Each structure stands twice: as structure tokens, then as C-alpha cells.
$ cat my_file_10.cif   # mmCIF, C-alpha atoms
data_start
loop_
_atom_site.group_PDB
_atom_site.id
_atom_site.type_symbol
_atom_site.label_atom_id
_atom_site.label_comp_id
_atom_site.auth_asym_id
_atom_site.auth_seq_id
_atom_site.Cartn_x
_atom_site.Cartn_y
_atom_site.Cartn_z
ATOM 1 C CA MET W 15 96.144 -7.793 -122.352
ATOM 2 C CA ILE W 16 99.474 -6.441 -123.605
ATOM 3 C CA ILE W 17 100.575 -9.905 -124.777
ATOM 4 C CA HIS W 18 97.194 -10.296 -126.518
ATOM 5 C CA GLY W 19 97.805 -6.969 -128.277
ATOM 6 C CA LEU W 20 101.359 -7.877 -129.301
ATOM 7 C CA VAL W 21 100.285 -11.235 -130.724
ATOM 8 C CA ALA W 22 97.492 -9.443 -132.589
ATOM 9 C CA VAL W 23 99.984 -7.001 -134.135
ATOM 10 C CA ALA W 24 102.161 -9.872 -135.394
ATOM 11 C CA LEU W 25 99.076 -11.649 -136.764
ATOM 12 C CA LEU W 26 97.899 -8.456 -138.435
ATOM 13 C CA GLY W 27 101.220 -8.109 -140.261
ATOM 14 C CA ALA W 28 101.375 -11.727 -141.389
ATOM 15 C CA VAL W 29 97.803 -12.045 -142.632
ATOM 16 C CA THR W 30 97.818 -8.613 -144.305
ATOM 17 C CA HIS W 31 101.002 -9.383 -146.241
ATOM 18 C CA GLN W 32 99.640 -12.759 -147.294
ATOM 19 C CA THR W 33 96.298 -11.301 -148.381
ATOM 20 C CA LEU W 34 97.836 -8.489 -150.423
ATOM 21 C CA ALA W 35 100.276 -10.927 -152.026
ATOM 22 C CA ALA W 36 97.407 -13.266 -152.898
ATOM 23 C CA TRP W 37 95.471 -10.420 -154.551
ATOM 24 C CA ALA W 38 98.489 -8.847 -156.282
ATOM 25 C CA SER W 39 98.780 -9.232 -160.016
ATOM 26 C CA ALA W 40 100.888 -12.237 -161.047
ATOM 27 C CA ASP W 41 102.473 -10.334 -163.939
ATOM 28 C CA ALA W 42 104.036 -7.620 -161.784
ATOM 29 C CA ARG W 43 107.582 -6.636 -162.844
ATOM 30 C CA PRO W 44 110.146 -8.604 -160.757
ATOM 31 C CA GLY W 45 112.010 -5.498 -159.566
ATOM 32 C CA SER W 46 108.924 -3.457 -158.720
ATOM 33 C CA PHE W 47 107.537 -2.988 -155.207
ATOM 34 C CA ILE W 48 104.597 -5.265 -155.983
ATOM 35 C CA GLY W 49 106.932 -7.818 -157.565
ATOM 36 C CA ARG W 50 109.214 -7.899 -154.527
ATOM 37 C CA PHE W 51 106.189 -7.936 -152.219
ATOM 38 C CA ARG W 52 104.774 -10.892 -154.090
ATOM 39 C CA SER W 53 108.086 -12.766 -154.294
ATOM 40 C CA VAL W 54 107.890 -13.644 -150.585
ATOM 41 C CA PRO W 55 106.372 -17.153 -150.576
ATOM 42 C CA SER W 56 102.886 -16.602 -149.153
ATOM 43 C CA ALA W 57 102.538 -20.230 -148.100
ATOM 44 C CA SER W 58 105.319 -19.700 -145.577
ATOM 45 C CA PHE W 59 102.997 -17.359 -143.669
ATOM 46 C CA ALA W 60 100.269 -19.990 -143.249
ATOM 47 C CA ASN W 61 101.718 -21.768 -140.203
ATOM 48 C CA ALA W 62 102.489 -18.445 -138.519
ATOM 49 C CA VAL W 63 98.966 -17.159 -139.166
ATOM 50 C CA VAL W 64 97.399 -20.326 -137.719
ATOM 51 C CA VAL W 65 99.576 -20.296 -134.584
ATOM 52 C CA LEU W 66 99.171 -16.541 -134.018
ATOM 53 C CA TYR W 67 95.406 -16.629 -134.645
ATOM 54 C CA ALA W 68 94.928 -19.523 -132.218
ATOM 55 C CA ALA W 69 97.137 -17.845 -129.600
ATOM 56 C CA SER W 70 95.382 -14.512 -130.019
ATOM 57 C CA THR W 71 91.943 -16.117 -129.682
ATOM 58 C CA LEU W 72 93.026 -18.057 -126.597
ATOM 59 C CA LEU W 73 94.410 -14.931 -124.946
ATOM 60 C CA GLY W 74 91.324 -12.972 -126.011
ATOM 61 C CA GLY W 75 89.136 -15.681 -124.475
ATOM 62 C CA ILE W 76 90.948 -15.262 -121.168
ATOM 63 C CA VAL W 77 90.831 -11.449 -121.240
ATOM 64 C CA TYR W 78 87.127 -11.637 -122.167
ATOM 65 C CA LEU W 79 86.321 -12.933 -118.658
ATOM 66 C CA TYR W 80 87.715 -9.746 -117.109
ATOM 67 C CA PHE W 81 86.047 -7.620 -119.792
ATOM 68 C CA ARG W 82 82.637 -9.089 -118.934
ATOM 69 C CA VAL W 83 82.968 -8.495 -115.199
ATOM 70 C CA ASP W 84 84.935 -5.235 -114.959
ATOM 71 C CA VAL W 85 84.684 -3.371 -118.281
ATOM 72 C CA ARG W 86 81.305 -4.082 -119.864
ATOM 73 C CA PRO W 87 79.256 -2.774 -116.913
ATOM 74 C CA GLU W 88 81.138 0.518 -117.243
ATOM 75 C CA PHE W 89 80.305 0.660 -120.964
ATOM 76 C CA GLU W 90 76.644 -0.025 -120.160
ATOM 77 C CA ARG W 91 76.572 2.714 -117.532
ATOM 78 C CA ALA W 92 78.195 5.112 -120.022
ATOM 79 C CA GLY W 93 75.733 4.116 -122.792
ATOM 80 C CA HIS W 94 78.395 2.887 -125.237
ATOM 81 C CA TRP W 95 75.917 0.473 -126.851
ATOM 82 C CA HIS W 96 77.527 0.706 -130.290
ATOM 83 C CA VAL W 97 80.878 -0.359 -128.885
ATOM 84 C CA LEU W 98 79.265 -3.357 -127.199
ATOM 85 C CA GLY W 99 77.609 -4.266 -130.511
ATOM 86 C CA PHE W 100 80.891 -4.026 -132.392
ATOM 87 C CA PHE W 101 82.579 -6.056 -129.656
ATOM 88 C CA ASP W 102 79.926 -8.785 -129.894
ATOM 89 C CA LEU W 103 80.570 -8.939 -133.634
ATOM 90 C CA LYS W 104 84.281 -9.286 -132.931
ATOM 91 C CA GLU W 105 83.598 -12.337 -130.770
ATOM 92 C CA HIS W 106 81.273 -13.878 -133.381
ATOM 93 C CA PHE W 107 83.716 -13.269 -136.228
ATOM 94 C CA ALA W 108 86.697 -14.523 -134.201
ATOM 95 C CA ALA W 109 84.920 -17.821 -133.469
ATOM 96 C CA ILE W 110 84.005 -18.352 -137.128
ATOM 97 C CA GLY W 111 87.570 -17.491 -138.169
ATOM 98 C CA LEU W 112 89.008 -19.981 -135.697
ATOM 99 C CA ALA W 113 86.919 -22.736 -137.263
ATOM 100 C CA LEU W 114 88.174 -21.783 -140.741
ATOM 101 C CA LEU W 115 91.836 -22.296 -139.815
ATOM 102 C CA PRO W 116 91.968 -26.017 -140.749
ATOM 103 C CA ALA W 117 90.554 -25.340 -144.240
ATOM 104 C CA TYR W 118 92.824 -22.302 -144.618
ATOM 105 C CA LEU W 119 95.857 -24.427 -143.712
ATOM 106 C CA VAL W 120 94.862 -27.164 -146.154
ATOM 107 C CA CYS W 121 94.467 -24.603 -148.946
ATOM 108 C CA TRP W 122 97.959 -23.163 -148.429
ATOM 109 C CA ARG W 123 99.855 -26.350 -147.543
ATOM 110 C CA ARG W 124 98.761 -28.536 -150.412
ATOM 111 C CA PRO W 125 96.954 -26.598 -153.111
ATOM 112 C CA HIS W 126 95.269 -28.955 -155.582
ATOM 113 C CA ALA W 127 94.262 -28.263 -159.118
ATOM 114 C CA ASP W 128 90.650 -28.931 -158.177
ATOM 115 C CA GLU W 129 90.795 -26.313 -155.410
ATOM 116 C CA PRO W 130 91.070 -23.046 -157.300
ATOM 117 C CA ALA W 131 93.267 -20.226 -156.032
ATOM 118 C CA GLN W 132 90.044 -18.237 -155.654
ATOM 119 C CA THR W 133 89.101 -20.382 -152.633
ATOM 120 C CA ARG W 134 92.484 -19.827 -151.015
ATOM 121 C CA THR W 135 92.388 -16.094 -151.677
ATOM 122 C CA ALA W 136 88.817 -15.761 -150.390
ATOM 123 C CA LEU W 137 89.526 -17.697 -147.190
ATOM 124 C CA THR W 138 92.632 -15.611 -146.543
ATOM 125 C CA SER W 139 90.693 -12.399 -147.204
ATOM 126 C CA ILE W 140 87.947 -13.396 -144.754
ATOM 127 C CA LEU W 141 90.561 -14.124 -142.095
ATOM 128 C CA ALA W 142 92.265 -10.789 -142.817
ATOM 129 C CA PHE W 143 88.920 -8.977 -142.457
ATOM 130 C CA ILE W 144 88.251 -10.736 -139.145
ATOM 131 C CA VAL W 145 91.725 -9.924 -137.823
ATOM 132 C CA TRP W 146 91.457 -6.249 -138.834
ATOM 133 C CA TRP W 147 87.926 -5.961 -137.397
ATOM 134 C CA SER W 148 88.985 -7.598 -134.139
ATOM 135 C CA PHE W 149 92.101 -5.482 -133.833
ATOM 136 C CA LEU W 150 90.344 -2.169 -134.442
ATOM 137 C CA THR W 151 87.319 -3.012 -132.287
ATOM 138 C CA GLY W 152 89.479 -4.289 -129.445
ATOM 139 C CA HIS W 153 91.702 -1.242 -129.677
ATOM 140 C CA VAL W 154 88.763 1.196 -129.591
ATOM 141 C CA ALA W 155 87.082 -0.728 -126.744
ATOM 142 C CA ASN W 156 90.333 -0.609 -124.815
ATOM 143 C CA ASN W 157 90.653 3.143 -125.233
ATOM 144 C CA ILE W 158 87.112 4.497 -125.451
ATOM 145 C CA MET W 159 86.606 5.243 -121.779
ATOM 146 C CA GLY W 160 89.660 7.448 -122.086
ATOM 147 C CA PHE W 161 88.189 9.204 -125.120
ATOM 148 C CA GLY W 162 84.670 9.551 -123.773
ATOM 149 C CA SER W 163 85.214 10.283 -120.100
ATOM 150 C CA MET T 195 93.098 -42.610 -149.624
ATOM 151 C CA THR T 196 95.672 -40.807 -147.447
ATOM 152 C CA SER T 197 95.220 -39.278 -144.019
ATOM 153 C CA SER T 198 95.862 -35.823 -145.521
ATOM 154 C CA ASP T 199 92.926 -36.364 -147.922
ATOM 155 C CA ARG T 200 90.761 -37.231 -144.954
ATOM 156 C CA PHE T 201 91.965 -34.186 -143.046
ATOM 157 C CA GLY T 202 91.216 -32.022 -146.087
ATOM 158 C CA ARG T 203 87.633 -33.285 -146.231
ATOM 159 C CA PHE T 204 87.291 -32.816 -142.466
ATOM 160 C CA ALA T 205 88.615 -29.258 -142.684
ATOM 161 C CA PHE T 206 86.371 -28.302 -145.623
ATOM 162 C CA ALA T 207 83.318 -29.678 -143.803
ATOM 163 C CA PHE T 208 84.176 -28.392 -140.335
ATOM 164 C CA GLY T 209 84.571 -24.666 -141.133
ATOM 165 C CA PRO T 210 81.258 -24.015 -142.938
ATOM 166 C CA THR T 211 79.294 -26.320 -140.612
ATOM 167 C CA PHE T 212 80.699 -24.550 -137.580
ATOM 168 C CA ALA T 213 79.706 -21.193 -139.064
ATOM 169 C CA VAL T 214 76.102 -22.308 -139.653
ATOM 170 C CA LEU T 215 75.758 -24.015 -136.263
ATOM 171 C CA TYR T 216 77.301 -21.031 -134.509
ATOM 172 C CA VAL T 217 74.657 -18.710 -135.961
ATOM 173 C CA VAL T 218 71.928 -21.185 -134.968
ATOM 174 C CA ALA T 219 73.396 -21.471 -131.452
ATOM 175 C CA VAL T 220 73.445 -17.678 -131.054
ATOM 176 C CA ALA T 221 69.951 -17.228 -132.511
ATOM 177 C CA LYS T 222 68.414 -20.018 -130.416
ATOM 178 C CA ASP T 223 70.590 -19.388 -127.356
ATOM 179 C CA TRP T 224 71.939 -22.940 -127.360
ATOM 180 C CA ALA T 225 75.054 -22.720 -125.230
ATOM 181 C CA LEU T 226 76.619 -26.048 -124.270
ATOM 182 C CA PHE T 227 77.590 -24.407 -121.000
ATOM 183 C CA THR T 228 77.296 -21.024 -119.318
ATOM 184 C CA VAL T 229 80.150 -19.251 -117.565
ATOM 185 C CA PHE T 230 79.559 -16.997 -114.561
ATOM 186 C CA PRO T 231 82.960 -15.305 -114.266
ATOM 187 C CA SER T 232 82.243 -13.270 -111.138
ATOM 188 C CA LEU T 233 81.133 -16.431 -109.285
ATOM 189 C CA GLY T 234 83.815 -18.625 -110.832
ATOM 190 C CA ILE T 235 81.347 -21.320 -111.859
ATOM 191 C CA VAL T 236 80.429 -23.059 -115.099
ATOM 192 C CA LEU T 237 76.999 -24.650 -115.504
ATOM 193 C CA ALA T 238 76.059 -27.136 -118.210
ATOM 194 C CA GLY T 239 73.486 -25.777 -120.638
ATOM 195 C CA THR T 240 72.115 -22.262 -121.035
ATOM 196 C CA HIS T 241 71.387 -20.412 -117.808
ATOM 197 C CA HIS T 242 70.422 -16.781 -117.475
ATOM 198 C CA SER T 243 71.460 -14.642 -114.544
ATOM 199 C CA ARG T 244 67.835 -14.385 -113.449
ATOM 200 C CA ASP T 245 67.839 -18.190 -113.059
ATOM 201 C CA VAL T 246 70.558 -18.140 -110.422
ATOM 202 C CA ALA T 247 70.027 -14.746 -108.771
ATOM 203 C CA ASP T 248 67.255 -12.289 -108.082
ATOM 204 C CA PRO T 249 66.598 -10.314 -111.308
ATOM 205 C CA ALA T 250 67.422 -7.075 -109.497
ATOM 206 C CA MET T 251 70.786 -8.572 -108.512
ATOM 207 C CA GLY T 252 71.507 -10.006 -111.959
ATOM 208 C CA PHE T 253 74.338 -7.563 -112.558
ATOM 209 C CA LEU T 254 76.266 -9.303 -109.751
ATOM 210 C CA ALA T 255 76.300 -12.576 -111.684
ATOM 211 C CA PRO T 256 76.798 -11.715 -115.356
ATOM 212 C CA ALA T 257 76.504 -14.760 -117.589
ATOM 213 C CA MET T 258 78.730 -15.485 -120.578
ATOM 214 C CA TYR T 259 77.442 -17.601 -123.456
ATOM 215 C CA TRP T 260 80.116 -17.099 -126.116
ATOM 216 C CA TYR T 261 82.223 -20.056 -124.961
ATOM 217 C CA GLY T 262 79.127 -22.258 -124.808
ATOM 218 C CA TRP T 263 77.878 -21.201 -128.259
ATOM 219 C CA ALA T 264 81.306 -21.944 -129.743
ATOM 220 C CA ALA T 265 81.409 -25.323 -127.983
ATOM 221 C CA THR T 266 77.944 -26.235 -129.289
ATOM 222 C CA ALA T 267 78.944 -25.358 -132.840
ATOM 223 C CA ALA T 268 82.336 -27.080 -132.552
ATOM 224 C CA LEU T 269 80.769 -30.301 -131.300
ATOM 225 C CA GLY T 270 78.250 -30.446 -134.140
ATOM 226 C CA ALA T 271 80.796 -29.422 -136.769
ATOM 227 C CA ALA T 272 83.317 -31.992 -135.521
ATOM 228 C CA MET T 273 80.750 -34.767 -135.878
ATOM 229 C CA PHE T 274 79.860 -33.590 -139.402
ATOM 230 C CA GLY T 275 83.552 -33.274 -140.260
ATOM 231 C CA VAL T 276 84.314 -36.828 -139.129
ATOM 232 C CA VAL T 277 81.479 -38.137 -141.307
ATOM 233 C CA ALA T 278 82.813 -36.151 -144.268
ATOM 234 C CA ALA T 279 86.332 -37.454 -143.637
ATOM 235 C CA LEU T 280 85.105 -41.045 -143.675
ATOM 236 C CA LEU T 281 83.176 -40.607 -146.919
ATOM 237 C CA ALA T 282 84.880 -41.708 -150.098
ATOM 238 C CA GLY T 283 86.458 -38.890 -152.112
ATOM 239 C CA ARG T 284 84.084 -39.308 -155.062
ATOM 240 C CA TRP T 285 81.164 -38.395 -152.778
ATOM 241 C CA THR T 286 82.694 -35.085 -151.844
ATOM 242 C CA GLN T 287 84.381 -34.135 -155.132
ATOM 243 C CA ALA T 288 81.084 -32.961 -156.626
ATOM 244 C CA ILE T 289 80.727 -30.305 -153.908
ATOM 245 C CA TRP T 290 81.887 -26.845 -154.953
ATOM 246 C CA PRO T 291 84.947 -25.935 -152.798
ATOM 247 C CA GLY T 292 83.831 -22.293 -152.734
ATOM 248 C CA TRP T 293 81.197 -23.158 -150.132
ATOM 249 C CA VAL T 294 84.060 -23.211 -147.625
ATOM 250 C CA TRP T 295 84.194 -19.409 -147.750
ATOM 251 C CA VAL T 296 80.710 -18.478 -149.039
ATOM 252 C CA ILE T 297 78.889 -20.110 -146.103
ATOM 253 C CA PRO T 298 81.069 -18.471 -143.410
ATOM 254 C CA ALA T 299 80.710 -15.106 -145.172
ATOM 255 C CA LEU T 300 76.913 -15.477 -145.129
ATOM 256 C CA SER T 301 77.078 -16.563 -141.494
ATOM 257 C CA MET T 302 79.013 -13.411 -140.635
ATOM 258 C CA ILE T 303 76.252 -11.345 -142.265
ATOM 259 C CA ALA T 304 73.722 -13.266 -140.171
ATOM 260 C CA CYS T 305 75.769 -12.394 -137.073
ATOM 261 C CA VAL T 306 75.512 -8.724 -138.028
ATOM 262 C CA TYR T 307 71.721 -9.111 -138.226
ATOM 263 C CA LEU T 308 71.626 -10.809 -134.799
ATOM 264 C CA THR T 309 73.724 -8.001 -133.318
ATOM 265 C CA MET T 310 71.509 -5.216 -134.673
ATOM 266 C CA PRO T 311 69.590 -4.724 -131.379
ATOM 267 C CA TRP T 312 72.744 -3.209 -129.849
ATOM 268 C CA PHE T 313 72.645 -0.457 -132.469
ATOM 269 C CA ARG T 314 69.004 0.424 -131.810
ATOM 270 C CA LEU T 315 69.578 1.281 -128.154
#
$ encode --input "my_file_10.cif" --output "C-alpha cells"
Amino acid sequence: MIIHGLVAVALLGAVTHQTLAAWASADARPGSFIGRFRSVPSASFANAVVVLYAASTLLGGIVYLYFRVDVRPEFERAGHWHVLGFFDLKEHFAAIGLALLPAYLVCWRRPHADEPAQTRTALTSILAFIVWWSFLTGHVANNIMGFGS
Amino acid sequence: MTSSDRFGRFAFAFGPTFAVLYVVAVAKDWALFTVFPSLGIVLAGTHHSRDVADPAMGFLAPAMYWYGWAATAALGAAMFGVVAALLAGRWTQAIWPGWVWVIPALSMIACVYLTMPWFRL
């Protein structure tokens, strides 16, 4: 669980930086914060994002077995139905995001003129949304019995 | 035609197809296999706890479908992706590349709709 969380933190940083850099204005002054932020080659994050996303999903898939047997019944007894709904969404989104990784990698590794930057930016943004959703939902699910009990 | 072109076509077909098939698998409950983690067994196809245990004892054998739904979608998407990879480039060039993110985004909205019952409890 802790390794899953640590991998998720690294993934969160990589995909967030890449997404913000992809959205940032191209005409930012070179010395400005945005300019320096954008000067980091975003494509260099792509391999890291793919490896971290796959690792995080694999670890999440393993932890999910214990969640289903030991944790979810406690949530059901406590009536945390919203948390279970958000957690189900996390699993759905994570699976869809995993399937998008090949297209995401193709977009960043060999951008073609006929594949507009909009596609690359949108794919990266969807992955960033999924990663943020999964991180926050997983974090709340991990802690909620402490909050609520 | 290079292998990277083929992989590109596979990737652009696989992602959106997976997203659509995943939603269909969840909506129709088409899991390629069902995992019963407390029993340590995996059964082919979709099985509900009431099928393997007395309904009153169902909580002892919780069933997990997520792995099976993902496997169903991955299998179908892989087949579609291989077909797309084998097609000549001119057949696929006319397809708007934006579908690769629009379809998954719509599928995520469909997942929200399918999850709504949790929020009505």
C-alpha cells in the first residue's frame, strides 16, 4: 500500500508537470517561471509516466483484492456509499487510462504533422485527471474510517 | 509501411475501443472471469456470489468483476487494434485523430452514469 502510494506521488508529479507544460503559452518569456517550467522537454516525461502508471495500476490491482475482502465490508457497514461510488469510478477511470497509454506514448514519442498537438494535450490532460482522481479518492478511502469513526 | 506506423494505428484503435467495450462490459456485466478473493479462486465468466454460496452467506464470498471487465475489453480492443494495424495507412488517415481522446472522455461520463446508484443509497 505504501509503495503504491509512493509510486502514485511520483506519477502525480510527472503527469502534472507535463500537462501544465502542454497547456502553457508557447510565447512565455524565457526567464519567467512559466518559461522555465515549459523549457523542460515534456516528451522526456512520457516514458516515466507510462512506467509509473502501469506500476501504480498493477500495485493498485493487488491492493484491490485486500480492499474488497477487508475494507469494503467496513465501508458498507458504516454506510460510506459515496466513497464506494467514488472508488468504483477510480477503478473504471484507471482501466480506461491504462488502455490509453499506447496512444499517449505514440503522441509524445513521434508527433506527426497530421496528429495535432491538441490530441496530445487532450490525452495528457485526461491521464492527469485520472491520476488526480485516483490519488485523491484512494487517499480519502484510505483515511476515511479514521475521520468518520 | 514501418512497424512504428503499425503500432501507431494499433494504439489509436486500441484505446478508444477499449473504452467503449469496457463500458459495455460493465453495463452488461460481461466479465471474462470472476475473482473470489476470500476463497482464492478464479472462475471463467461472470458469476455472482449467490451462484456459489447461499445468498445469506454471500458476504463470505465477495465477487470481483473489475479484472474480468478489463480483460473482456482488452481482448476485444486488441483484436480491433490488430485489424487496424494491418489496414493500409490510407484507410485510417481519413479518421479524425481526436476520437482517441473524445471517445474515452465520453466513456468516462458513461461510467459516471453507471455508478450513480451508489450515490442514491
$ closest_residue --input "my_file_10.cif" --among "W:Tyr67, W:Tyr78, W:Trp37, W:Trp146" --to "chain T" --atoms "all atoms listed in the file"
W:Tyr78
$ residues_near_point --input "my_file_10.cif" --point "(76.2, -22.6, -138.3)" --cutoff "9 Å" --atoms "all atoms listed in the file" --output "mmCIF file with C-alpha atoms, in the frame of the given file"
data_model
loop_
_atom_site.group_PDB
_atom_site.id
_atom_site.type_symbol
_atom_site.label_atom_id
_atom_site.label_comp_id
_atom_site.auth_asym_id
_atom_site.auth_seq_id
_atom_site.Cartn_x
_atom_site.Cartn_y
_atom_site.Cartn_z
ATOM 1 C CA ILE W 110 84.005 -18.352 -137.128
ATOM 2 C CA PRO T 210 81.258 -24.015 -142.938
ATOM 3 C CA THR T 211 79.294 -26.320 -140.612
ATOM 4 C CA PHE T 212 80.699 -24.550 -137.580
ATOM 5 C CA ALA T 213 79.706 -21.193 -139.064
ATOM 6 C CA VAL T 214 76.102 -22.308 -139.653
ATOM 7 C CA LEU T 215 75.758 -24.015 -136.263
ATOM 8 C CA TYR T 216 77.301 -21.031 -134.509
ATOM 9 C CA VAL T 217 74.657 -18.710 -135.961
ATOM 10 C CA VAL T 218 71.928 -21.185 -134.968
ATOM 11 C CA ALA T 219 73.396 -21.471 -131.452
ATOM 12 C CA ALA T 267 78.944 -25.358 -132.840
ATOM 13 C CA ALA T 271 80.796 -29.422 -136.769
ATOM 14 C CA ILE T 297 78.889 -20.110 -146.103
ATOM 15 C CA PRO T 298 81.069 -18.471 -143.410
ATOM 16 C CA SER T 301 77.078 -16.563 -141.494
#
$ interface_residues --input "my_file_10.cif" --of "chain W" --to "chain T" --cutoff "8 Å" --atoms "only C-alpha atoms" --output "list in words"
Leu79, Tyr80, Arg82, Val83, Trp95, His96, Leu98, Gly99, Asp102, Leu103, Glu105, His106, Phe107, Ala109, Ile110, Ala113, Leu114, Leu115, Pro116, Ala117, Val120, Glu129, Gln132, Thr133, Ala136, Leu137 and Ile140 of chain W
$ atom_distance --input "my_file_10.cif" --atom1 "CA of Gly75 in chain W" --atom2 "CA of Leu25 in chain W"
16.3 Å
$ atom_distance --input "my_file_10.cif" --atom1 "CA of Gly152 in chain W" --atom2 "CA of Phe101 in chain W"
7.1 Å
$ atom_distance --input "my_file_10.cif" --atom1 "CA of Thr228 in chain T" --atom2 "CA of His241 in chain T"
6.1 Å
$ axis_aligned_box --input "my_file_10.cif" --around "range 217-236 of chain T" --padding-each-side "6 Å" --output "JSON"
{"center_x": 76.1, "center_y": -19.7, "center_z": -122.6, "size_x": 27.4, "size_y": 24.8, "size_z": 38.7}
$ resolve_selection --input "my_file_10.cif" --expression "the PyMOL selection byres ((chain W and resi 74) around 10)" --output "compact mmCIF listing (two decimals) with C-alpha atoms, in the coordinates of the input"
# COMPACT_ATOMS: atom_id res chain seq x y z
CA MET W 15 96.14 -7.79 -122.35
CA ILE W 17 100.58 -9.90 -124.78
CA HIS W 18 97.19 -10.30 -126.52
CA GLY W 19 97.80 -6.97 -128.28
CA ALA W 22 97.49 -9.44 -132.59
CA ALA W 68 94.93 -19.52 -132.22
CA ALA W 69 97.14 -17.84 -129.60
CA SER W 70 95.38 -14.51 -130.02
CA THR W 71 91.94 -16.12 -129.68
CA LEU W 72 93.03 -18.06 -126.60
CA LEU W 73 94.41 -14.93 -124.95
CA GLY W 75 89.14 -15.68 -124.48
CA ILE W 76 90.95 -15.26 -121.17
CA VAL W 77 90.83 -11.45 -121.24
CA TYR W 78 87.13 -11.64 -122.17
CA LEU W 79 86.32 -12.93 -118.66
CA PHE W 81 86.05 -7.62 -119.79
CA GLU W 105 83.60 -12.34 -130.77
CA ALA W 108 86.70 -14.52 -134.20
CA GLY W 152 89.48 -4.29 -129.44
$ residues_around --input "my_file_10.cif" --residues "Leu141 in chain W" --least-positions-apart "3" --cutoff "6 Å" --atoms "only C-alpha atoms" --output "ChimeraX atom specification"
/W:111,138,144
